[in-house]
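What follows is one structure encoded as structure tokens, with my remarks underneath.
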Amino acid sequence: AQKVTQAQTEISVVEKEDVTLDCVYETRDTTYYLFWYKQPPSGELVFLIRRNSFDEQNEISGRYSWNFQKSTSSFNFTITASQVVDSAVYFCALIPGGTSYGKLTFGQGTILTVHP
Amino acid sequence: DAGVIQSPRHEVTEMGQEVTLRCKPISGHDYLFWYRQTMMRGLELLIYFNNNVPIDDSGMPEDRFSAKMPNASFSTLKIQPSEPRDSAVYFCASSPDRGRYGYTFGSGTRLTVV
């Protein structure tokens, strides 16, 4: 079975601070896909990034960056110079490549609050 | 593209009533997923379809829940009879494949059963 763990239930920072959201996953499949989604107060789920298990290259998109490490089964997300608009719930998720291929399993989410 | 469209956005109903949630996936997406979000259980997959055929309904909580996809552009999730514990946000999502590129989610339907 697949499992995604986001150990931080809530994080509170002050604007302009950097913040890292942790994600650890479990799967027996050698092929899998990892995702981060953002859920702002309005409630929709917004896709942020996808990474497949064969691509450990880190990625940066503006103030967002992601660090994928297969050795530790982690896919952490860093926001640099946080802003109030970053306040949201962030979900890490996994799609395994085996018999459960297609079933997106979410972590419990991390509530990020950025104070002005 | 209008994205995944769900209706209604909010639904309040009395216990015992039938509730129908609707979803229009993105055109060309062959996979459609129904998820439920609650505080206690987080986001959980209820059922998914491929080319209008239900593939895995192991997440459907009980017989009171049913889902259909009569054509490529429309799906429904029905709860009959509804109970207060069904109160949750229900999301529909679609994908061009089994999710390698992620799903596109609708805005969700917030269901309250009183």
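Letters A, B, ... mark the chains of the structure tokens in the order given; residue numbers begin at 1 per chain; ligand numbers begin at 1, in order shown.
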
Output as a PDB file with N, CA and C atoms, in the first residue's frame the set of chain B residues within 9 Å of chain A, with distances taken over only C-alpha atoms.
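Writing the result to result17.pdb gives the following:
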ATOM      1  N   PHE B  33     -12.363  10.996 -11.739  1.00  0.00           N
ATOM      2  CA  PHE B  33     -12.201  10.551 -10.364  1.00  0.00           C
ATOM      3  C   PHE B  33     -13.162  11.340  -9.467  1.00  0.00           C
ATOM      4  N   ARG B  41     -10.698  12.290   7.703  1.00  0.00           N
ATOM      5  CA  ARG B  41     -10.090  11.317   6.795  1.00  0.00           C
ATOM      6  C   ARG B  41      -9.276  11.950   5.666  1.00  0.00           C
ATOM      7  N   GLY B  42      -9.290  13.263   5.603  1.00  0.00           N
ATOM      8  CA  GLY B  42      -8.534  13.932   4.553  1.00  0.00           C
ATOM      9  C   GLY B  42      -9.165  13.702   3.191  1.00  0.00           C
ATOM     10  N   LEU B  43      -8.337  13.634   2.163  1.00  0.00           N
ATOM     11  CA  LEU B  43      -8.793  13.421   0.789  1.00  0.00           C
ATOM     12  C   LEU B  43      -8.724  11.942   0.467  1.00  0.00           C
ATOM     13  N   GLU B  44      -9.857  11.359   0.139  1.00  0.00           N
ATOM     14  CA  GLU B  44      -9.897   9.936  -0.156  1.00  0.00           C
ATOM     15  C   GLU B  44     -10.620   9.690  -1.482  1.00  0.00           C
ATOM     16  N   LEU B  45     -10.071   8.768  -2.245  1.00  0.00           N
ATOM     17  CA  LEU B  45     -10.638   8.411  -3.539  1.00  0.00           C
ATOM     18  C   LEU B  45     -11.863   7.530  -3.329  1.00  0.00           C
ATOM     19  N   TYR B  48     -13.205   5.698  -9.598  1.00  0.00           N
ATOM     20  CA  TYR B  48     -12.764   6.333 -10.821  1.00  0.00           C
ATOM     21  C   TYR B  48     -13.212   5.555 -12.044  1.00  0.00           C
ATOM     22  N   PHE B  91     -14.964  16.315  -4.443  1.00  0.00           N
ATOM     23  CA  PHE B  91     -14.246  16.812  -5.608  1.00  0.00           C
ATOM     24  C   PHE B  91     -14.345  15.816  -6.757  1.00  0.00           C
ATOM     25  N   ASP B  97      -4.745  10.607 -18.700  1.00  0.00           N
ATOM     26  CA  ASP B  97      -4.298   9.232 -18.526  1.00  0.00           C
ATOM     27  C   ASP B  97      -4.519   8.869 -17.072  1.00  0.00           C
ATOM     28  N   ARG B  98      -3.820   7.822 -16.608  1.00  0.00           N
ATOM     29  CA  ARG B  98      -4.103   7.404 -15.238  1.00  0.00           C
ATOM     30  C   ARG B  98      -3.398   8.246 -14.197  1.00  0.00           C
ATOM     31  N   GLY B  99      -2.981   9.424 -14.618  1.00  0.00           N
ATOM     32  CA  GLY B  99      -2.528  10.363 -13.613  1.00  0.00           C
ATOM     33  C   GLY B  99      -1.056  10.694 -13.627  1.00  0.00           C
ATOM     34  N   ARG B 100      -0.316  10.205 -14.637  1.00  0.00           N
ATOM     35  CA  ARG B 100       1.116  10.503 -14.660  1.00  0.00           C
ATOM     36  C   ARG B 100       1.368  12.006 -14.631  1.00  0.00           C
ATOM     37  N   TYR B 101       0.454  12.748 -15.212  1.00  0.00           N
ATOM     38  CA  TYR B 101       0.640  14.191 -15.286  1.00  0.00           C
ATOM     39  C   TYR B 101      -0.216  14.932 -14.278  1.00  0.00           C
ATOM     40  N   GLY B 102      -0.772  14.196 -13.323  1.00  0.00           N
ATOM     41  CA  GLY B 102      -1.595  14.828 -12.307  1.00  0.00           C
ATOM     42  C   GLY B 102      -3.032  14.958 -12.757  1.00  0.00           C
ATOM     43  N   TYR B 103      -3.876  15.240 -11.822  1.00  0.00           N
ATOM     44  CA  TYR B 103      -5.285  15.425 -12.122  1.00  0.00           C
ATOM     45  C   TYR B 103      -5.609  16.909 -12.141  1.00  0.00           C
ATOM     46  N   THR B 104      -6.652  17.251 -12.863  1.00  0.00           N
ATOM     47  CA  THR B 104      -7.227  18.590 -12.756  1.00  0.00           C
ATOM     48  C   THR B 104      -8.508  18.456 -11.952  1.00  0.00           C
ATOM     49  N   PHE B 105      -8.567  19.187 -10.854  1.00  0.00           N
ATOM     50  CA  PHE B 105      -9.725  19.093  -9.966  1.00  0.00           C
ATOM     51  C   PHE B 105     -10.739  20.188 -10.256  1.00  0.00           C
ATOM     52  N   GLY B 106     -12.003  19.848 -10.009  1.00  0.00           N
ATOM     53  CA  GLY B 106     -13.047  20.859 -10.008  1.00  0.00           C
ATOM     54  C   GLY B 106     -13.006  21.641  -8.718  1.00  0.00           C
ATOM     55  N   SER B 107     -13.899  22.601  -8.605  1.00  0.00           N
ATOM     56  CA  SER B 107     -13.931  23.478  -7.434  1.00  0.00           C
ATOM     57  C   SER B 107     -14.560  22.820  -6.211  1.00  0.00           C
ATOM     58  N   GLY B 108     -15.158  21.653  -6.418  1.00  0.00           N
ATOM     59  CA  GLY B 108     -15.737  20.930  -5.292  1.00  0.00           C
ATOM     60  C   GLY B 108     -17.181  21.307  -5.007  1.00  0.00           C
TER      61      GLY B 108
END

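Using only C-alpha atoms, the protein and nucleic acid residues lying no more than 9 Å from Leu112 of chain A, apart from those fewer than 3 places from it along its own chain, are Thr9, Glu10, Ile11, Ser12, Val13, Leu21, Asp86, Ser87, Ala88, Val89 and Tyr90 of chain A.
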
Point to revise | Using only C-alpha atoms: which of B:Asn50, B:Gln37, B:Ser27, B:Thr20 has the shortest distance to Tyr90 of chain B | key: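 Smallest separation from Tyr90 of chain B among the options: B:Gln37.
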
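Of the listed residues (B:Lys24, B:Arg64, B:His10, B:Lys78), B:Lys24 comes nearest to Ser94 of chain B; the distances count only C-alpha atoms.
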
Practice item. For atom CA of Val85 of chain A and atom CA of Lys3 of chain A, quote the distance in Å rounded to one decimal. Key: 29.0 Å

**Study point:** Secondary structure check, strand (DSSP E or B) residues of chain A, as number ranges by chain
**Key:** A: 3-5, 10-14, 19-21, 24-26, 32-39, 46-52, 59-61, 64-69, 74-79, 88-96, 105-106, 110-115

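Pairwise distance (atom CA of His115 of chain A, atom CA of Cys92 of chain A) equals 22.8 Å.
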
**Study point:** Gap from atom CA of Asn76 of chain A to atom CA of Ala1 of chain A - Å, one decimal
**Key:** 21.1 Å

Practice item. Measuring atom to atom with only C-alpha atoms, identify which of B:Val12, B:Ile26, B:Val53, B:Ala72 is nearest to Asp86 of chain B. Key: B:Val12

Check your understanding: Can you list, as JSON, numbers by chain, every protein, DNA or RNA residue that comes within 8 Å of Leu46 of chain B when you count only C-alpha atoms, leaving out same-chain residues fewer than 3 positions away?
Key -> {"B": [33, 34, 35, 36, 57, 58, 59, 60, 61]}

Review point. Counting only C-alpha atoms, what is within 7 Å of Val19 of chain A, bar same-chain residues fewer than 2 positions away, as a PyMOL selection string?
Key: chain A and resi 17+21+78-80

Go ahead and save the picked residues with N, CA, C and O atoms, as a CSV table (one decimal), in the first residue's frame.
chain,number,residue,atom,x,y,z
A,17,GLU,N,9.9,35.3,5.4
A,17,GLU,CA,10.6,34.1,5.9
A,17,GLU,C,10.6,33.0,4.9
A,17,GLU,O,9.6,32.9,4.1
A,21,LEU,N,8.2,22.7,3.6
A,21,LEU,CA,7.1,21.7,4.0
A,21,LEU,C,7.7,20.3,3.6
A,21,LEU,O,8.1,20.1,2.5
A,78,THR,N,9.9,24.0,-0.7
A,78,THR,CA,10.4,25.2,0.0
A,78,THR,C,9.8,26.5,-0.7
A,78,THR,O,9.8,26.6,-1.9
A,79,ILE,N,9.3,27.4,0.1
A,79,ILE,CA,8.8,28.7,-0.4
A,79,ILE,C,9.8,29.7,0.2
A,79,ILE,O,10.0,29.8,1.4
A,80,THR,N,10.4,30.4,-0.7
A,80,THR,CA,11.4,31.5,-0.4
A,80,THR,C,10.7,32.8,-0.3
A,80,THR,O,9.8,33.1,-1.1
